[in-house]
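For reference, target-v6.cif (mmCIF, N, CA and C atoms):
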```cif
data_input
#
loop_
_atom_site.label_atom_id
_atom_site.label_comp_id
_atom_site.auth_asym_id
_atom_site.auth_seq_id
_atom_site.Cartn_x
_atom_site.Cartn_y
_atom_site.Cartn_z
N MET A 1273 -30.42 8.28 -2.92
CA MET A 1273 -30.52 7.90 -1.54
C MET A 1273 -29.50 6.81 -1.22
N ILE A 1274 -28.95 6.86 -0.04
CA ILE A 1274 -27.92 5.91 0.36
C ILE A 1274 -28.50 4.50 0.48
N GLY A 1275 -29.66 4.38 1.09
CA GLY A 1275 -30.27 3.06 1.27
C GLY A 1275 -30.69 2.41 -0.03
N ASP A 1276 -30.90 3.22 -1.07
CA ASP A 1276 -31.29 2.67 -2.37
C ASP A 1276 -30.09 2.11 -3.12
N ILE A 1277 -28.89 2.58 -2.81
CA ILE A 1277 -27.69 2.15 -3.54
C ILE A 1277 -27.15 0.85 -2.97
N ILE A 1278 -26.94 0.78 -1.66
CA ILE A 1278 -26.39 -0.42 -1.04
C ILE A 1278 -27.55 -1.29 -0.58
N ARG A 1279 -27.61 -2.50 -1.13
CA ARG A 1279 -28.70 -3.41 -0.78
C ARG A 1279 -28.34 -4.28 0.41
N LYS A 1280 -27.14 -4.91 0.39
CA LYS A 1280 -26.71 -5.72 1.52
C LYS A 1280 -25.22 -6.03 1.41
N VAL A 1281 -24.64 -6.36 2.56
CA VAL A 1281 -23.26 -6.85 2.61
C VAL A 1281 -23.34 -8.35 2.38
N GLN A 1282 -22.56 -8.85 1.43
CA GLN A 1282 -22.62 -10.27 1.11
C GLN A 1282 -21.70 -11.05 2.06
N VAL A 1283 -22.32 -11.86 2.89
CA VAL A 1283 -21.58 -12.71 3.80
C VAL A 1283 -21.50 -14.08 3.15
N SER A 1284 -20.33 -14.40 2.62
CA SER A 1284 -20.13 -15.67 1.93
C SER A 1284 -18.68 -16.08 2.13
N GLU A 1285 -18.32 -17.20 1.56
CA GLU A 1285 -16.94 -17.66 1.67
C GLU A 1285 -15.99 -16.69 0.98
N LYS A 1286 -16.35 -16.23 -0.19
CA LYS A 1286 -15.52 -15.27 -0.90
C LYS A 1286 -15.45 -13.96 -0.12
N GLY A 1287 -16.57 -13.52 0.43
CA GLY A 1287 -16.59 -12.29 1.21
C GLY A 1287 -15.71 -12.36 2.43
N THR A 1288 -15.65 -13.52 3.08
CA THR A 1288 -14.80 -13.71 4.25
C THR A 1288 -13.33 -13.66 3.86
N LEU A 1289 -12.98 -14.27 2.73
CA LEU A 1289 -11.59 -14.23 2.27
C LEU A 1289 -11.18 -12.80 1.89
N LEU A 1290 -12.10 -12.05 1.28
CA LEU A 1290 -11.80 -10.67 0.91
C LEU A 1290 -11.62 -9.79 2.15
N ALA A 1291 -12.38 -10.07 3.21
CA ALA A 1291 -12.30 -9.26 4.43
C ALA A 1291 -10.90 -9.32 5.04
N GLU A 1292 -10.20 -10.42 4.84
CA GLU A 1292 -8.84 -10.53 5.34
C GLU A 1292 -7.90 -9.55 4.63
N LYS A 1293 -8.24 -9.16 3.39
CA LYS A 1293 -7.45 -8.20 2.62
C LYS A 1293 -8.04 -6.80 2.70
N ASN A 1294 -8.96 -6.58 3.67
CA ASN A 1294 -9.61 -5.29 3.88
C ASN A 1294 -10.49 -4.89 2.70
N GLN A 1295 -11.13 -5.89 2.07
CA GLN A 1295 -12.07 -5.66 1.00
C GLN A 1295 -13.40 -6.29 1.38
N TYR A 1296 -14.49 -5.70 0.91
CA TYR A 1296 -15.82 -6.19 1.26
C TYR A 1296 -16.68 -6.27 0.01
N ALA A 1297 -17.51 -7.32 -0.06
CA ALA A 1297 -18.42 -7.51 -1.18
C ALA A 1297 -19.80 -7.00 -0.79
N LEU A 1298 -20.36 -6.12 -1.62
CA LEU A 1298 -21.67 -5.54 -1.36
C LEU A 1298 -22.57 -5.76 -2.56
N GLU A 1299 -23.83 -6.06 -2.32
CA GLU A 1299 -24.80 -6.08 -3.41
C GLU A 1299 -25.35 -4.67 -3.53
N VAL A 1300 -25.27 -4.09 -4.72
CA VAL A 1300 -25.67 -2.70 -4.92
C VAL A 1300 -26.72 -2.62 -6.03
N ALA A 1301 -27.30 -1.44 -6.17
CA ALA A 1301 -28.30 -1.20 -7.23
C ALA A 1301 -27.63 -1.29 -8.59
N PRO A 1302 -28.28 -1.93 -9.57
CA PRO A 1302 -27.67 -2.09 -10.89
C PRO A 1302 -27.33 -0.77 -11.59
N GLY A 1303 -28.05 0.30 -11.30
CA GLY A 1303 -27.80 1.57 -11.96
C GLY A 1303 -26.77 2.44 -11.26
N ALA A 1304 -26.22 2.00 -10.14
CA ALA A 1304 -25.27 2.81 -9.38
C ALA A 1304 -23.88 2.76 -10.02
N ASN A 1305 -23.21 3.92 -10.06
CA ASN A 1305 -21.85 3.94 -10.58
C ASN A 1305 -20.86 3.94 -9.41
N LYS A 1306 -19.55 3.89 -9.73
CA LYS A 1306 -18.54 3.73 -8.70
C LYS A 1306 -18.48 4.90 -7.73
N SER A 1307 -18.64 6.11 -8.23
CA SER A 1307 -18.57 7.27 -7.33
C SER A 1307 -19.77 7.30 -6.38
N GLU A 1308 -20.95 6.92 -6.86
CA GLU A 1308 -22.13 6.85 -6.00
C GLU A 1308 -21.96 5.78 -4.92
N ILE A 1309 -21.39 4.64 -5.31
CA ILE A 1309 -21.16 3.56 -4.36
C ILE A 1309 -20.17 4.00 -3.30
N ARG A 1310 -19.09 4.68 -3.71
CA ARG A 1310 -18.08 5.17 -2.77
C ARG A 1310 -18.71 6.11 -1.74
N LYS A 1311 -19.50 7.08 -2.20
CA LYS A 1311 -20.13 8.04 -1.29
C LYS A 1311 -21.10 7.35 -0.34
N ALA A 1312 -21.86 6.39 -0.86
CA ALA A 1312 -22.84 5.69 -0.03
C ALA A 1312 -22.17 4.86 1.06
N VAL A 1313 -21.09 4.17 0.72
CA VAL A 1313 -20.37 3.35 1.71
C VAL A 1313 -19.75 4.24 2.78
N GLU A 1314 -19.13 5.34 2.37
CA GLU A 1314 -18.51 6.23 3.34
C GLU A 1314 -19.55 6.85 4.27
N ALA A 1315 -20.72 7.20 3.75
CA ALA A 1315 -21.76 7.80 4.58
C ALA A 1315 -22.43 6.77 5.49
N MET A 1316 -22.69 5.57 4.97
CA MET A 1316 -23.43 4.57 5.74
C MET A 1316 -22.58 3.93 6.84
N PHE A 1317 -21.31 3.62 6.54
CA PHE A 1317 -20.48 2.88 7.48
C PHE A 1317 -19.42 3.74 8.16
N GLY A 1318 -19.22 4.98 7.72
CA GLY A 1318 -18.24 5.86 8.34
C GLY A 1318 -16.80 5.41 8.14
N VAL A 1319 -16.47 4.97 6.94
CA VAL A 1319 -15.13 4.49 6.62
C VAL A 1319 -14.58 5.28 5.43
N HIS A 1320 -13.30 5.07 5.12
CA HIS A 1320 -12.66 5.71 3.97
C HIS A 1320 -12.44 4.66 2.88
N VAL A 1321 -13.00 4.88 1.71
CA VAL A 1321 -12.91 3.93 0.60
C VAL A 1321 -11.73 4.30 -0.29
N LEU A 1322 -10.87 3.32 -0.56
CA LEU A 1322 -9.73 3.53 -1.45
C LEU A 1322 -10.05 3.18 -2.90
N ALA A 1323 -10.83 2.11 -3.12
CA ALA A 1323 -11.15 1.67 -4.48
C ALA A 1323 -12.49 0.96 -4.51
N VAL A 1324 -13.15 1.03 -5.67
CA VAL A 1324 -14.42 0.33 -5.89
C VAL A 1324 -14.32 -0.40 -7.23
N ASN A 1325 -14.54 -1.71 -7.19
CA ASN A 1325 -14.61 -2.51 -8.42
C ASN A 1325 -16.02 -3.08 -8.50
N THR A 1326 -16.61 -3.08 -9.70
CA THR A 1326 -17.98 -3.56 -9.84
C THR A 1326 -18.05 -4.74 -10.80
N GLN A 1327 -19.07 -5.58 -10.58
CA GLN A 1327 -19.31 -6.74 -11.42
C GLN A 1327 -20.81 -6.84 -11.66
N ASN A 1328 -21.22 -7.00 -12.92
CA ASN A 1328 -22.62 -7.17 -13.27
C ASN A 1328 -22.92 -8.65 -13.49
N TYR A 1329 -24.04 -9.11 -12.96
CA TYR A 1329 -24.45 -10.49 -13.10
C TYR A 1329 -25.81 -10.53 -13.79
N ALA A 1330 -25.90 -11.32 -14.86
CA ALA A 1330 -27.17 -11.51 -15.56
C ALA A 1330 -27.99 -12.55 -14.81
N GLY A 1331 -29.28 -12.35 -14.75
CA GLY A 1331 -30.16 -13.31 -14.09
C GLY A 1331 -30.20 -14.62 -14.86
N LYS A 1332 -30.15 -15.72 -14.13
CA LYS A 1332 -30.14 -17.03 -14.77
C LYS A 1332 -31.56 -17.47 -15.12
N LYS A 1333 -31.67 -18.16 -16.26
CA LYS A 1333 -32.95 -18.73 -16.65
C LYS A 1333 -33.04 -20.15 -16.10
N ARG A 1334 -34.24 -20.52 -15.66
CA ARG A 1334 -34.46 -21.88 -15.21
C ARG A 1334 -35.86 -22.33 -15.60
N MET A 1335 -36.02 -23.63 -15.69
CA MET A 1335 -37.29 -24.17 -16.13
C MET A 1335 -38.03 -24.75 -14.92
N LEU A 1336 -39.30 -24.40 -14.81
CA LEU A 1336 -40.12 -24.93 -13.74
C LEU A 1336 -40.67 -26.30 -14.14
N ARG A 1337 -41.33 -26.96 -13.20
CA ARG A 1337 -41.85 -28.30 -13.48
C ARG A 1337 -42.87 -28.32 -14.60
N ASN A 1338 -43.60 -27.23 -14.79
CA ASN A 1338 -44.60 -27.21 -15.85
C ASN A 1338 -44.01 -26.70 -17.17
N ARG A 1339 -42.70 -26.76 -17.30
CA ARG A 1339 -41.96 -26.41 -18.52
C ARG A 1339 -41.98 -24.92 -18.83
N ARG A 1340 -42.36 -24.12 -17.85
CA ARG A 1340 -42.36 -22.67 -18.05
C ARG A 1340 -40.97 -22.15 -17.68
N VAL A 1341 -40.43 -21.24 -18.48
CA VAL A 1341 -39.10 -20.68 -18.24
C VAL A 1341 -39.25 -19.35 -17.50
N VAL A 1342 -38.53 -19.22 -16.40
CA VAL A 1342 -38.52 -17.96 -15.63
C VAL A 1342 -37.08 -17.49 -15.52
N GLN A 1343 -36.92 -16.20 -15.30
CA GLN A 1343 -35.58 -15.63 -15.21
C GLN A 1343 -35.43 -14.90 -13.88
N ALA A 1344 -34.33 -15.20 -13.18
CA ALA A 1344 -34.02 -14.51 -11.93
C ALA A 1344 -33.58 -13.08 -12.27
N PRO A 1345 -33.75 -12.14 -11.36
CA PRO A 1345 -33.36 -10.76 -11.66
C PRO A 1345 -31.85 -10.60 -11.79
N SER A 1346 -31.43 -9.67 -12.63
CA SER A 1346 -30.02 -9.33 -12.75
C SER A 1346 -29.62 -8.50 -11.54
N TRP A 1347 -28.33 -8.55 -11.17
CA TRP A 1347 -27.87 -7.81 -10.01
C TRP A 1347 -26.43 -7.37 -10.20
N LYS A 1348 -25.95 -6.53 -9.29
CA LYS A 1348 -24.62 -5.95 -9.40
C LYS A 1348 -23.91 -6.09 -8.06
N ARG A 1349 -22.62 -6.45 -8.11
CA ARG A 1349 -21.81 -6.56 -6.90
C ARG A 1349 -20.68 -5.56 -6.97
N ALA A 1350 -20.35 -4.98 -5.82
CA ALA A 1350 -19.22 -4.05 -5.72
C ALA A 1350 -18.24 -4.62 -4.71
N ILE A 1351 -16.97 -4.67 -5.09
CA ILE A 1351 -15.89 -5.03 -4.17
C ILE A 1351 -15.26 -3.71 -3.73
N VAL A 1352 -15.37 -3.40 -2.44
CA VAL A 1352 -14.92 -2.11 -1.90
C VAL A 1352 -13.68 -2.33 -1.08
N THR A 1353 -12.59 -1.60 -1.40
CA THR A 1353 -11.35 -1.67 -0.64
C THR A 1353 -11.32 -0.50 0.33
N LEU A 1354 -11.08 -0.80 1.61
CA LEU A 1354 -11.08 0.22 2.65
C LEU A 1354 -9.67 0.56 3.09
N LYS A 1355 -9.54 1.71 3.76
CA LYS A 1355 -8.28 2.14 4.34
C LYS A 1355 -7.87 1.15 5.42
N ALA A 1356 -6.58 0.94 5.59
CA ALA A 1356 -6.07 -0.04 6.56
C ALA A 1356 -6.59 0.28 7.97
N GLY A 1357 -7.02 -0.77 8.67
CA GLY A 1357 -7.50 -0.61 10.02
C GLY A 1357 -8.99 -0.35 10.14
N GLU A 1358 -9.70 -0.14 9.05
CA GLU A 1358 -11.14 0.12 9.09
C GLU A 1358 -11.88 -1.14 8.69
N ARG A 1359 -13.11 -1.28 9.23
CA ARG A 1359 -13.91 -2.47 8.98
C ARG A 1359 -15.36 -2.11 8.75
N ILE A 1360 -16.07 -3.01 8.05
CA ILE A 1360 -17.52 -2.93 7.93
C ILE A 1360 -18.07 -4.10 8.72
N GLU A 1361 -18.94 -3.81 9.67
CA GLU A 1361 -19.54 -4.87 10.47
C GLU A 1361 -20.76 -5.39 9.74
N ALA A 1362 -20.70 -6.65 9.30
CA ALA A 1362 -21.83 -7.27 8.60
C ALA A 1362 -22.85 -7.72 9.63
N VAL A 1363 -24.06 -7.25 9.47
CA VAL A 1363 -25.13 -7.58 10.43
C VAL A 1363 -26.00 -8.66 9.88
#
```

Just dump the structure as structure tokens.
Amino acid sequence: MIGDIIRKVQVSEKGTLLAEKNQYALEVAPGANKSEIRKAVEAMFGVHVLAVNTQNYAGKKRMLRNRRVVQAPSWKRAIVTLKAGERIEAV
């Protein structure tokens, strides 16, 4: 499913700098591969994807006040390069 692959468009300082180069940062499902991400972006936003680069992030461990250790969930980011003149509107 398309909605299961793309979780959100990351609006951040890095994402804003990438948008100037026609690239967008998306948080995606950890099990999604590059071809699935490409199809989902093209279907959801109606754009043409030239390249997809992915990055996996391990969840960080932190200690609570009662000395219990918890771990944040792991996640995956995709940097998607679009055809010149096309945009993704971050909502």

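Note on the selection: in this file the PyMOL selection byres ((chain A and resi 1281) around 5) comes out as Arg1279, Lys1280, Gln1282, Val1283, Ala1297, Leu1298 and Glu1299 of chain A.
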
Problem - Among listed residues A:Thr1353, A:Asn1338, A:Asn1328, A:Gln1343, nearest Asn1305 (chain A) (using only C-alpha atoms) - result: A:Asn1328

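With only N, CA and C atoms as the basis for measurement, A:Gln1295 is the residue among A:Gln1327, A:Gln1295, A:Gly1275, A:Arg1337 that approaches Ile1360 (chain A) most closely.
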
Exercise for the section: Determine, counting all atoms listed in the file, which protein, DNA and RNA residues have an atom within 6 Å of an atom of Asn1294 (chain A); residues of the same chain fewer than 4 positions away are not included. Present the result as a PyMOL selection string. Expected result: chain A and resi 1290+1352-1354

Exercise for the section: Find the residues with any atom within 7 Å of (-30.5, -5.9, -15.7); use all atoms listed in the file and the coordinates as given in the file, and write the answer as a VMD selection string. Expected result: chain A and resid 1302 1329 to 1331 1345 to 1347

Exercise for the section: Rank A:Val1341, A:Val1319, A:Ala1350, A:Leu1289 by their smallest atom-to-atom distance to Ala1304 (chain A), using only C-alpha atoms, and report the top residue only. Expected result: A:Ala1350

Practice task
One decimal, Å: what's the distance from CA of Asp1276 (chain A) over to CA of Lys1355 (chain A), could you say?
Solution key: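 So the answer is 24.0 Å.
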
Exercise for the section: State, in Å with one decimal place, the distance from CA of Leu1322 (chain A) to atom C of Ala1356 (chain A). Expected result: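 It comes out at 10.4 Å.
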
Exercise for the section: Give me, please, the distance in Å between CA of Lys1311 (chain A) and atom N of Glu1292 (chain A), quoted to one decimal. Expected result: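 Separation of CA of Lys1311 (chain A) and atom N of Glu1292 (chain A): 21.8 Å.
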
Exercise for the section: List, as a PyMOL selection string, every residue that the PyMOL selection byres (((chain A and resi 1325 and name CA) around 6) and name CA) selects in the file provided. Expected result: chain A and resi 1324+1326+1350-1351
